[in-house]
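structure.txt (compact mmCIF, C-alpha atoms) appears below.
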# COMPACT_ATOMS: atom_id res chain seq x y z
CA MET U 1 -177.87 43.95 -149.26
CA ARG U 2 -177.81 40.46 -150.77
CA ARG U 3 -180.87 41.22 -152.89
CA ALA U 4 -179.20 44.39 -154.16
CA SER U 5 -176.05 42.44 -155.02
CA LEU U 6 -178.11 39.84 -156.83
CA GLN U 7 -179.88 42.47 -158.89
CA ALA U 8 -176.56 44.12 -159.70
CA ALA U 9 -175.18 40.81 -160.87
CA LEU U 10 -178.01 39.88 -163.18
CA SER U 11 -179.74 43.03 -164.37
CA PRO U 12 -178.66 44.16 -167.87
CA ARG U 13 -179.12 47.78 -166.80
CA SER U 14 -177.39 47.59 -163.45
CA GLY U 15 -174.09 48.82 -162.10
CA GLY U 16 -174.13 52.13 -163.93
CA ALA U 17 -173.41 50.09 -167.06
CA TRP U 18 -170.98 52.07 -169.19
CA GLY U 19 -170.19 54.74 -166.63
CA GLY U 20 -167.57 57.40 -167.16
CA ARG U 21 -164.85 55.45 -165.37
CA ARG U 22 -165.35 52.30 -167.42
CA LEU U 23 -165.44 54.24 -170.68
CA LEU U 24 -162.17 55.93 -169.76
CA VAL U 25 -160.59 52.59 -168.88
CA PHE U 26 -161.61 50.96 -172.16
CA ALA U 27 -160.60 54.01 -174.19
CA GLY U 28 -157.26 54.10 -172.39
CA LEU U 29 -156.68 50.39 -173.01
CA LEU U 30 -157.42 50.76 -176.72
CA LEU U 31 -155.15 53.80 -177.04
CA LEU U 32 -152.29 52.12 -175.18
CA LEU U 33 -152.74 48.97 -177.25
CA VAL U 34 -152.51 50.93 -180.52
CA LEU U 35 -149.40 52.79 -179.33
CA ALA U 36 -147.77 49.58 -178.09
CA PHE U 37 -148.64 47.90 -181.39
CA VAL U 38 -146.93 50.61 -183.47
CA VAL U 39 -143.85 50.65 -181.24
CA GLY U 40 -143.74 46.85 -181.20
CA VAL U 41 -143.75 46.66 -184.99
CA GLY U 42 -141.02 49.29 -185.21
CA GLN U 43 -138.61 48.03 -182.57
CA GLY U 44 -136.41 44.96 -182.47
CA ALA U 45 -132.93 44.00 -183.59
CA VAL U 46 -133.37 46.70 -186.25
CA SER U 47 -135.27 49.88 -185.34
CA ILE U 48 -137.78 51.25 -187.84
CA ALA U 49 -139.18 54.77 -187.55
CA PRO U 50 -142.94 55.08 -186.88
CA LEU U 51 -143.46 56.88 -190.21
CA GLU U 52 -141.87 53.98 -192.08
CA VAL U 53 -144.05 51.57 -190.13
CA PHE U 54 -147.20 53.47 -191.15
CA ARG U 55 -146.06 53.61 -194.78
CA ALA U 56 -145.39 49.88 -194.82
CA LEU U 57 -148.73 49.08 -193.18
CA ALA U 58 -150.51 51.34 -195.67
CA GLY U 59 -148.77 49.61 -198.59
CA LEU U 60 -146.96 52.77 -199.67
CA GLN U 61 -143.55 51.11 -199.46
CA GLU U 62 -142.21 47.58 -199.19
CA ASN U 63 -140.65 46.53 -195.92
CA PRO U 64 -140.50 42.75 -195.43
CA ILE U 65 -139.33 43.17 -191.83
CA VAL U 66 -142.60 44.93 -191.02
CA THR U 67 -145.06 42.95 -193.11
CA ASP U 68 -143.57 39.46 -192.98
CA LEU U 69 -141.88 39.29 -189.58
CA ARG U 70 -143.02 41.82 -187.04
CA LEU U 71 -146.63 42.43 -188.06
CA PRO U 72 -147.78 38.81 -187.60
CA ARG U 73 -145.69 38.56 -184.44
CA VAL U 74 -147.23 41.63 -182.79
CA LEU U 75 -150.72 40.70 -183.98
CA GLY U 76 -150.11 37.26 -182.54
CA ALA U 77 -149.07 38.81 -179.24
CA VAL U 78 -152.34 40.75 -179.12
CA LEU U 79 -154.42 37.65 -179.85
CA VAL U 80 -152.52 35.26 -177.57
CA GLY U 81 -152.55 37.81 -174.74
CA ALA U 82 -156.27 38.42 -175.25
CA ALA U 83 -156.96 34.68 -175.17
CA LEU U 84 -154.97 34.19 -171.95
CA GLY U 85 -156.52 37.25 -170.29
CA LEU U 86 -160.04 36.16 -171.23
CA ALA U 87 -159.47 32.56 -170.12
CA GLY U 88 -157.85 33.72 -166.88
CA ALA U 89 -160.78 35.96 -165.99
CA ALA U 90 -163.24 33.16 -166.76
CA TYR U 91 -161.33 30.68 -164.58
CA GLN U 92 -161.08 33.14 -161.69
CA GLY U 93 -164.83 33.65 -161.86
CA LEU U 94 -165.59 29.97 -162.27
CA PHE U 95 -163.49 28.84 -159.32
CA ARG U 96 -164.09 32.02 -157.29
CA ASN U 97 -160.33 32.03 -156.78
CA PRO U 98 -158.22 35.12 -157.56
CA LEU U 99 -155.14 32.89 -157.92
CA ALA U 100 -156.61 30.84 -160.77
CA ASP U 101 -154.97 31.12 -164.17
CA PRO U 102 -155.54 29.53 -167.61
CA TYR U 103 -153.15 26.66 -166.80
CA LEU U 104 -155.02 25.56 -163.68
CA MET U 105 -156.56 22.49 -165.33
CA GLY U 106 -153.21 21.09 -166.48
CA VAL U 107 -153.22 22.66 -169.95
CA ALA U 108 -149.58 23.80 -169.79
CA ALA U 109 -148.25 20.49 -168.49
CA GLY U 110 -150.36 18.58 -171.02
CA ALA U 111 -149.16 20.71 -173.92
CA ALA U 112 -145.54 20.38 -172.81
CA PHE U 113 -145.87 16.60 -172.54
CA GLY U 114 -147.59 16.33 -175.91
CA PHE U 115 -144.95 18.54 -177.51
CA THR U 116 -142.10 16.60 -175.87
CA LEU U 117 -143.48 13.21 -176.82
CA SER U 118 -144.29 14.28 -180.38
CA ILE U 119 -140.96 15.93 -181.10
CA SER U 120 -139.15 12.89 -179.73
CA PHE U 121 -140.93 10.74 -182.29
CA ALA U 122 -140.88 13.36 -185.05
CA GLY U 123 -138.37 11.36 -187.05
CA MET U 124 -140.85 8.49 -187.26
CA VAL U 125 -143.39 10.58 -189.15
CA GLY U 126 -140.99 12.04 -191.70
CA ALA U 127 -142.47 14.94 -193.57
CA PHE U 128 -145.91 14.47 -192.05
CA GLY U 129 -147.59 17.68 -191.00
CA GLY U 130 -145.23 20.12 -192.64
CA ALA U 131 -146.42 23.54 -191.51
CA LEU U 132 -149.82 22.45 -190.27
CA PHE U 133 -149.74 24.95 -187.45
CA PHE U 134 -146.61 27.06 -187.80
CA ALA U 135 -143.65 26.92 -190.09
CA SER U 136 -140.67 26.56 -187.74
CA VAL U 137 -142.06 23.74 -185.61
CA PRO U 138 -143.17 20.46 -187.19
CA GLY U 139 -146.90 20.21 -187.48
CA PHE U 140 -146.78 16.86 -185.77
CA ALA U 141 -145.27 18.37 -182.61
CA ALA U 142 -147.72 21.29 -182.63
CA PHE U 143 -150.61 18.89 -183.04
CA GLY U 144 -149.21 16.83 -180.18
CA ALA U 145 -149.13 19.89 -177.94
CA PHE U 146 -152.76 20.69 -178.74
CA VAL U 147 -153.92 17.12 -178.13
CA GLY U 148 -151.86 16.92 -174.95
CA ALA U 149 -153.52 20.06 -173.59
CA LEU U 150 -157.01 18.75 -174.31
CA LEU U 151 -156.27 15.31 -172.86
CA ALA U 152 -154.86 16.88 -169.70
CA VAL U 153 -158.14 18.70 -169.12
CA ALA U 154 -160.10 15.53 -169.91
CA PHE U 155 -158.06 13.56 -167.35
CA THR U 156 -158.54 16.35 -164.81
CA LEU U 157 -162.31 16.17 -165.26
CA LEU U 158 -162.22 12.38 -165.06
CA LEU U 159 -160.13 12.41 -161.89
CA ALA U 160 -162.41 15.03 -160.31
CA GLY U 161 -165.49 12.96 -161.11
CA GLY U 162 -166.90 15.59 -163.46
CA ALA U 163 -167.43 19.28 -162.89
CA ALA U 164 -169.66 19.10 -159.83
CA ARG U 165 -167.22 20.63 -157.32
CA SER U 166 -164.65 23.37 -157.92
CA HIS U 167 -162.39 22.18 -155.11
CA ASP U 168 -162.03 18.73 -156.67
CA LEU U 169 -161.24 20.25 -160.06
CA ILE U 170 -158.43 22.37 -158.62
CA LEU U 171 -156.86 19.42 -156.79
CA ALA U 172 -157.20 17.17 -159.83
CA GLY U 173 -155.57 19.82 -162.03
CA VAL U 174 -152.58 20.01 -159.69
CA VAL U 175 -152.21 16.22 -159.65
CA VAL U 176 -152.50 15.84 -163.43
CA GLY U 177 -150.07 18.69 -164.02
CA SER U 178 -147.50 17.14 -161.68
CA ILE U 179 -147.78 13.71 -163.28
CA LEU U 180 -147.45 15.08 -166.82
CA THR U 181 -144.46 17.23 -165.85
CA GLY U 182 -142.77 14.12 -164.48
CA LEU U 183 -143.54 12.19 -167.67
CA SER U 184 -142.12 15.02 -169.79
CA THR U 185 -138.91 14.91 -167.76
CA LEU U 186 -138.70 11.14 -168.22
CA VAL U 187 -139.09 11.43 -172.00
CA LEU U 188 -136.34 14.06 -172.10
CA LEU U 189 -134.00 11.84 -170.09
CA LEU U 190 -134.54 9.09 -172.66
CA ASP U 191 -133.98 11.51 -175.56
CA SER U 192 -131.61 14.20 -174.31
CA ASP U 193 -131.00 15.55 -177.83
CA ARG U 194 -134.40 17.26 -177.69
CA ILE U 195 -133.85 19.11 -174.41
CA ARG U 196 -133.01 22.45 -176.05
CA GLU U 197 -136.10 22.44 -178.28
CA VAL U 198 -138.45 21.51 -175.47
CA PHE U 199 -136.83 23.95 -173.05
CA SER U 200 -137.28 26.79 -175.55
CA TYR U 201 -140.92 25.83 -176.01
CA THR U 202 -141.67 25.78 -172.29
CA LEU U 203 -140.14 29.26 -171.86
CA GLY U 204 -142.61 30.73 -174.35
CA SER U 205 -141.82 32.68 -177.49
CA LEU U 206 -143.62 34.54 -180.25
CA ALA U 207 -140.68 34.19 -182.64
CA PHE U 208 -142.44 31.44 -184.59
CA MET U 209 -145.78 33.21 -184.87
CA GLY U 210 -146.75 33.51 -188.53
CA TRP U 211 -149.85 34.43 -190.46
CA ARG U 212 -151.28 30.92 -190.04
CA GLY U 213 -151.06 31.30 -186.28
CA VAL U 214 -152.73 34.71 -186.44
CA GLU U 215 -155.58 33.25 -188.49
CA VAL U 216 -156.20 30.25 -186.22
CA MET U 217 -155.88 32.32 -183.04
CA GLY U 218 -158.25 34.92 -184.48
CA VAL U 219 -160.85 32.31 -185.39
CA ALA U 220 -160.64 30.79 -181.90
CA LEU U 221 -161.26 34.19 -180.31
CA VAL U 222 -164.13 34.98 -182.67
CA VAL U 223 -165.79 31.68 -181.74
CA ALA U 224 -165.10 31.59 -177.99
CA SER U 225 -165.29 35.27 -176.99
CA PRO U 226 -169.01 35.85 -177.70
CA LEU U 227 -169.89 32.61 -175.92
CA LEU U 228 -167.87 33.57 -172.85
CA LEU U 229 -169.36 37.06 -172.84
CA GLY U 230 -172.79 35.46 -173.04
CA LEU U 231 -171.98 33.64 -169.79
CA SER U 232 -170.95 36.83 -167.98
CA ARG U 233 -174.21 37.11 -166.00
CA ALA U 234 -173.90 33.47 -164.97
CA LEU U 235 -170.40 34.26 -163.68
CA ASN U 236 -171.83 37.24 -161.82
CA ALA U 237 -174.36 34.98 -160.13
CA LEU U 238 -171.68 32.40 -159.36
CA SER U 239 -169.56 35.10 -157.72
CA LEU U 240 -172.32 35.48 -155.10
CA GLY U 241 -171.94 31.84 -154.11
CA GLU U 242 -172.89 28.43 -155.43
CA GLU U 243 -176.04 28.26 -153.33
CA THR U 244 -177.25 31.54 -154.83
CA ALA U 245 -176.45 30.31 -158.33
CA ARG U 246 -178.37 27.07 -157.71
CA SER U 247 -181.33 28.99 -156.31
CA LEU U 248 -181.48 30.86 -159.61
CA GLY U 249 -181.72 27.57 -161.48
CA LEU U 250 -178.23 27.63 -162.98
CA PRO U 251 -177.05 24.12 -163.96
CA LEU U 252 -173.61 24.40 -162.32
CA PRO U 253 -171.98 21.20 -163.69
CA ARG U 254 -172.95 22.08 -167.27
CA LEU U 255 -171.96 25.70 -166.74
CA ARG U 256 -168.54 24.65 -165.46
CA LEU U 257 -168.03 22.25 -168.36
CA LEU U 258 -168.89 24.95 -170.90
CA LEU U 259 -166.62 27.53 -169.26
CA ILE U 260 -163.79 25.00 -169.01
CA ALA U 261 -164.24 23.93 -172.65
CA LEU U 262 -164.16 27.49 -174.00
CA SER U 263 -161.25 28.57 -171.79
CA THR U 264 -159.32 25.41 -172.62
CA LEU U 265 -159.81 25.96 -176.34
CA LEU U 266 -158.34 29.46 -176.13
CA THR U 267 -155.49 28.43 -173.85
CA ALA U 268 -154.55 25.30 -175.79
CA ILE U 269 -154.32 27.13 -179.12
CA ALA U 270 -152.35 29.94 -177.49
CA VAL U 271 -149.90 27.41 -176.04
CA VAL U 272 -149.50 25.68 -179.40
CA TYR U 273 -148.36 28.88 -181.11
CA ALA U 274 -146.56 30.73 -178.32
CA GLY U 275 -145.45 28.08 -175.86
CA ILE U 276 -146.10 28.43 -172.14
CA ILE U 277 -146.33 32.12 -171.21
CA GLY U 278 -147.01 32.56 -167.53
CA PHE U 279 -148.74 35.26 -165.49
CA VAL U 280 -150.53 37.10 -168.34
CA GLY U 281 -153.80 35.29 -167.68
CA PHE U 282 -153.32 35.80 -163.96
CA VAL U 283 -152.17 39.43 -163.80
CA ALA U 284 -154.46 41.01 -166.42
CA PRO U 285 -157.78 40.13 -164.70
CA HIS U 286 -156.38 41.26 -161.34
CA ILE U 287 -155.38 44.69 -162.64
CA LEU U 288 -158.57 45.22 -164.63
CA ARG U 289 -160.81 44.10 -161.77
CA ARG U 290 -159.53 47.07 -159.77
CA LEU U 291 -160.28 49.40 -162.68
CA VAL U 292 -163.65 48.21 -164.02
CA GLY U 293 -165.01 46.29 -161.03
CA GLY U 294 -166.08 42.69 -160.63
CA ASP U 295 -168.97 42.73 -163.13
CA TYR U 296 -167.96 40.10 -165.69
CA ARG U 297 -169.85 41.88 -168.47
CA PHE U 298 -167.01 44.40 -168.35
CA LEU U 299 -164.22 42.41 -166.73
CA LEU U 300 -164.06 39.78 -169.48
CA PRO U 301 -163.53 42.17 -172.44
CA ALA U 302 -161.27 44.39 -170.31
CA SER U 303 -159.13 41.38 -169.38
CA ALA U 304 -158.83 40.46 -173.05
CA LEU U 305 -157.62 43.96 -173.94
CA GLY U 306 -155.34 44.06 -170.91
CA GLY U 307 -153.87 40.66 -171.69
CA GLY U 308 -153.14 41.71 -175.27
CA LEU U 309 -151.50 44.92 -174.08
CA LEU U 310 -149.38 43.14 -171.46
CA LEU U 311 -148.10 40.54 -173.90
CA VAL U 312 -147.26 43.11 -176.60
CA LEU U 313 -145.26 45.10 -174.03
CA ALA U 314 -143.57 41.97 -172.67
CA ASP U 315 -142.62 40.82 -176.18
CA LEU U 316 -141.29 44.31 -176.94
CA LEU U 317 -139.08 44.15 -173.83
CA ALA U 318 -137.95 40.65 -174.79
CA ARG U 319 -136.76 41.95 -178.16
CA VAL U 320 -135.05 45.20 -177.13
CA VAL U 321 -133.48 44.50 -173.72
CA ALA U 322 -130.75 42.21 -175.06
CA ARG U 323 -130.73 43.09 -178.75
CA PRO U 324 -129.62 42.02 -181.26
CA THR U 325 -130.60 38.78 -179.48
CA GLU U 326 -133.90 38.37 -177.66
CA LEU U 327 -135.17 36.89 -174.43
CA PRO U 328 -137.98 34.32 -174.27
CA VAL U 329 -141.16 36.28 -173.64
CA GLY U 330 -142.16 33.80 -170.95
CA VAL U 331 -139.08 34.80 -168.96
CA VAL U 332 -140.10 38.47 -169.16
CA THR U 333 -143.69 37.81 -168.06
CA THR U 334 -142.45 35.69 -165.16
CA LEU U 335 -139.98 38.35 -164.02
CA LEU U 336 -142.76 40.94 -164.14
CA GLY U 337 -145.56 38.74 -162.82
CA GLY U 338 -143.62 37.18 -159.95
CA PRO U 339 -143.23 40.44 -157.98
CA PHE U 340 -146.89 41.24 -158.67
CA PHE U 341 -147.89 37.91 -157.16
CA LEU U 342 -145.72 38.60 -154.09
CA TYR U 343 -147.40 42.00 -153.77
CA LEU U 344 -150.82 40.34 -153.76
CA LEU U 345 -149.70 37.94 -151.04
CA TRP U 346 -148.31 40.81 -148.97
CA ARG U 347 -151.50 42.80 -149.45
CA ALA U 348 -153.70 39.86 -148.45
CA ARG U 349 -151.60 39.22 -145.36
CA HIS U 350 -151.80 42.83 -144.21
CA ALA U 351 -155.44 43.39 -145.14
Would you kindly transcribe this structure into structure tokens?
Amino acid sequence: MRRASLQAALSPRSGGAWGGRRLLVFAGLLLLLVLAFVVGVGQGAVSIAPLEVFRALAGLQENPIVTDLRLPRVLGAVLVGAALGLAGAAYQGLFRNPLADPYLMGVAAGAAFGFTLSISFAGMVGAFGGALFFASVPGFAAFGAFVGALLAVAFTLLLAGGAARSHDLILAGVVVGSILTGLSTLVLLLDSDRIREVFSYTLGSLAFMGWRGVEVMGVALVVASPLLLGLSRALNALSLGEETARSLGLPLPRLRLLLIALSTLLTAIAVVYAGIIGFVGFVAPHILRRLVGGDYRFLLPASALGGGLLLVLADLLARVVARPTELPVGVVTTLLGGPFFLYLLWRARHA
């Protein structure tokens, strides 16, 4: 049985490959994503008919609401959701923990601290940065969030003594995240005028997503996605146990570092442009694992598509539930993801 599992994990022709079920799942995801995309571009404070959306996208008529506001926002939702879904699936495979998510290594807390610290000192840098990352938030603060996310992961690795043991990495990530959250709170207490801005950032929003964000997020996915997909068979081997992976000659510390680096890159850039959006990177891999199986050759791309679809739908709900105002998309994903998490706990307890 173990030999059969090992062959299924590593053979490029194993597992039925693109069987009928998997093809249907991927086709369904693509179709739903296209439909959600069109509806997402058309709906908001002002509703636009699908025909007008198609005409604007085809360049047959001018509609600044479609081309300048909603199109980059919905595209950004697809890309950010895909990044979180892909990173979440990679982390769950790396740590062999179905509760792992893209923020496990302290990325969210680090980004929030970097953003808080930077925006508190934004007046000291004047016009520096401008729209380096996205127009509505000073480039200095966005850069601070990105650096904070990377430093949080670096401190986690340092505290864990490298990437030799998954258990140490998880504990170190929790410790670093707690410390940085406390530091963010301290900075806000010293500069209470910034509480509203930081609070809005930590709730997550795609309202500030522009074409620059779409470009940077797209480049990050183009760079990281093929590399993560190339590690899918290594993740398959790791899912059979660390001893099995070592027996196959896999350099586990280097493999962990590479997976962490790629996942952190995607997550950090997503957090810079969209704030902290919870549960997408946790829920998408869970749902898709039940549909396409645990083979990471299929689970990784499916999680990316599923994450994009979930975030587009969540952002659509955030814009239409309370229109003409809108809810933070992070609130919507938490309200939807929280019950799902409770369901998983109930299912595990009664299994």
Hey, which of U:Ala49, U:Val280, U:Val80, U:Leu335 ends up closest to Gly213 in chain U? Count only C-alpha atoms.
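So, comparing all the options, the nearest one is U:Val80.
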U:Ile269, U:Ala284, U:Val214, U:Leu157: which is nearest Leu309 in chain U, counting all atoms listed in the file?
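Residue with the minimum atom-to-atom distance to Leu309 in chain U: U:Ala284.
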Extract, using all atoms listed in the file, all DNA, RNA and protein residues at most 10 Å from Ser232 in chain U, discarding same-chain residues fewer than 3 positions from it, and format them as an MDAnalysis selection string.
chainID U and resid 9:10 90 93 226:229 235:238 295:300
Give me, as number ranges by chain, all polymer residues having an atom no more than 10 Å from Leu51 in chain U, counting all atoms listed in the file and skipping those fewer than 5 positions away in the same chain.
U: 38, 42, 56-57
Which residues, written as a compact mmCIF listing (two decimals) with C-alpha atoms, keeping the file's coordinate frame, have at least one atom at most 12 Å from range 312-319 of chain U, with only C-alpha atoms counted and residues fewer than 5 positions away on the same chain left out?
# COMPACT_ATOMS: atom_id res chain seq x y z
CA LEU U 32 -152.29 52.12 -175.18
CA LEU U 33 -152.74 48.97 -177.25
CA VAL U 34 -152.51 50.93 -180.52
CA LEU U 35 -149.40 52.79 -179.33
CA ALA U 36 -147.77 49.58 -178.09
CA PHE U 37 -148.64 47.90 -181.39
CA VAL U 38 -146.93 50.61 -183.47
CA VAL U 39 -143.85 50.65 -181.24
CA GLY U 40 -143.74 46.85 -181.20
CA VAL U 41 -143.75 46.66 -184.99
CA GLY U 42 -141.02 49.29 -185.21
CA GLN U 43 -138.61 48.03 -182.57
CA GLY U 44 -136.41 44.96 -182.47
CA ALA U 45 -132.93 44.00 -183.59
CA VAL U 46 -133.37 46.70 -186.25
CA SER U 47 -135.27 49.88 -185.34
CA ARG U 70 -143.02 41.82 -187.04
CA LEU U 71 -146.63 42.43 -188.06
CA PRO U 72 -147.78 38.81 -187.60
CA ARG U 73 -145.69 38.56 -184.44
CA VAL U 74 -147.23 41.63 -182.79
CA LEU U 75 -150.72 40.70 -183.98
CA GLY U 76 -150.11 37.26 -182.54
CA ALA U 77 -149.07 38.81 -179.24
CA VAL U 78 -152.34 40.75 -179.12
CA LEU U 79 -154.42 37.65 -179.85
CA VAL U 80 -152.52 35.26 -177.57
CA GLY U 81 -152.55 37.81 -174.74
CA ALA U 82 -156.27 38.42 -175.25
CA LEU U 203 -140.14 29.26 -171.86
CA GLY U 204 -142.61 30.73 -174.35
CA SER U 205 -141.82 32.68 -177.49
CA LEU U 206 -143.62 34.54 -180.25
CA ALA U 207 -140.68 34.19 -182.64
CA MET U 209 -145.78 33.21 -184.87
CA ALA U 274 -146.56 30.73 -178.32
CA ILE U 277 -146.33 32.12 -171.21
CA GLY U 278 -147.01 32.56 -167.53
CA PHE U 279 -148.74 35.26 -165.49
CA VAL U 280 -150.53 37.10 -168.34
CA LEU U 305 -157.62 43.96 -173.94
CA GLY U 306 -155.34 44.06 -170.91
CA GLY U 307 -153.87 40.66 -171.69
CA PRO U 324 -129.62 42.02 -181.26
CA THR U 325 -130.60 38.78 -179.48
CA GLU U 326 -133.90 38.37 -177.66
CA LEU U 327 -135.17 36.89 -174.43
CA PRO U 328 -137.98 34.32 -174.27
CA VAL U 329 -141.16 36.28 -173.64
CA GLY U 330 -142.16 33.80 -170.95
CA VAL U 331 -139.08 34.80 -168.96
CA VAL U 332 -140.10 38.47 -169.16
CA THR U 333 -143.69 37.81 -168.06
CA THR U 334 -142.45 35.69 -165.16
CA LEU U 335 -139.98 38.35 -164.02
CA LEU U 336 -142.76 40.94 -164.14
CA GLY U 337 -145.56 38.74 -162.82
From U:Leu117, U:Met105, U:Val271, U:Leu344, residue lying nearest Leu190 in chain U [only C-alpha atoms]:
U:Leu117
Just checking: using all atoms listed in the file, which residue out of U:Leu104, U:Leu159, U:Ala89, U:Leu266 ends up closest to Gly218 in chain U?
U:Leu266
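Nearest to Leu291 in chain U of all the residues U:Asn97, U:Ser303, U:Ser178, U:Ser263 is U:Ser303, counting all atoms listed in the file.
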Between CA of His350 in chain U and CA of Gln92 in chain U, what is the distance, to one decimal in Å?
22.0 Å
Distance of CA of Leu150 in chain U from CA of Arg254 in chain U, expressed in Å to one decimal place:
17.7 Å
In terms of all atoms listed in the file, the residue from U:Leu258, U:Gly293, U:Val216, U:Arg196 at minimal distance from Ala234 in chain U is U:Leu258
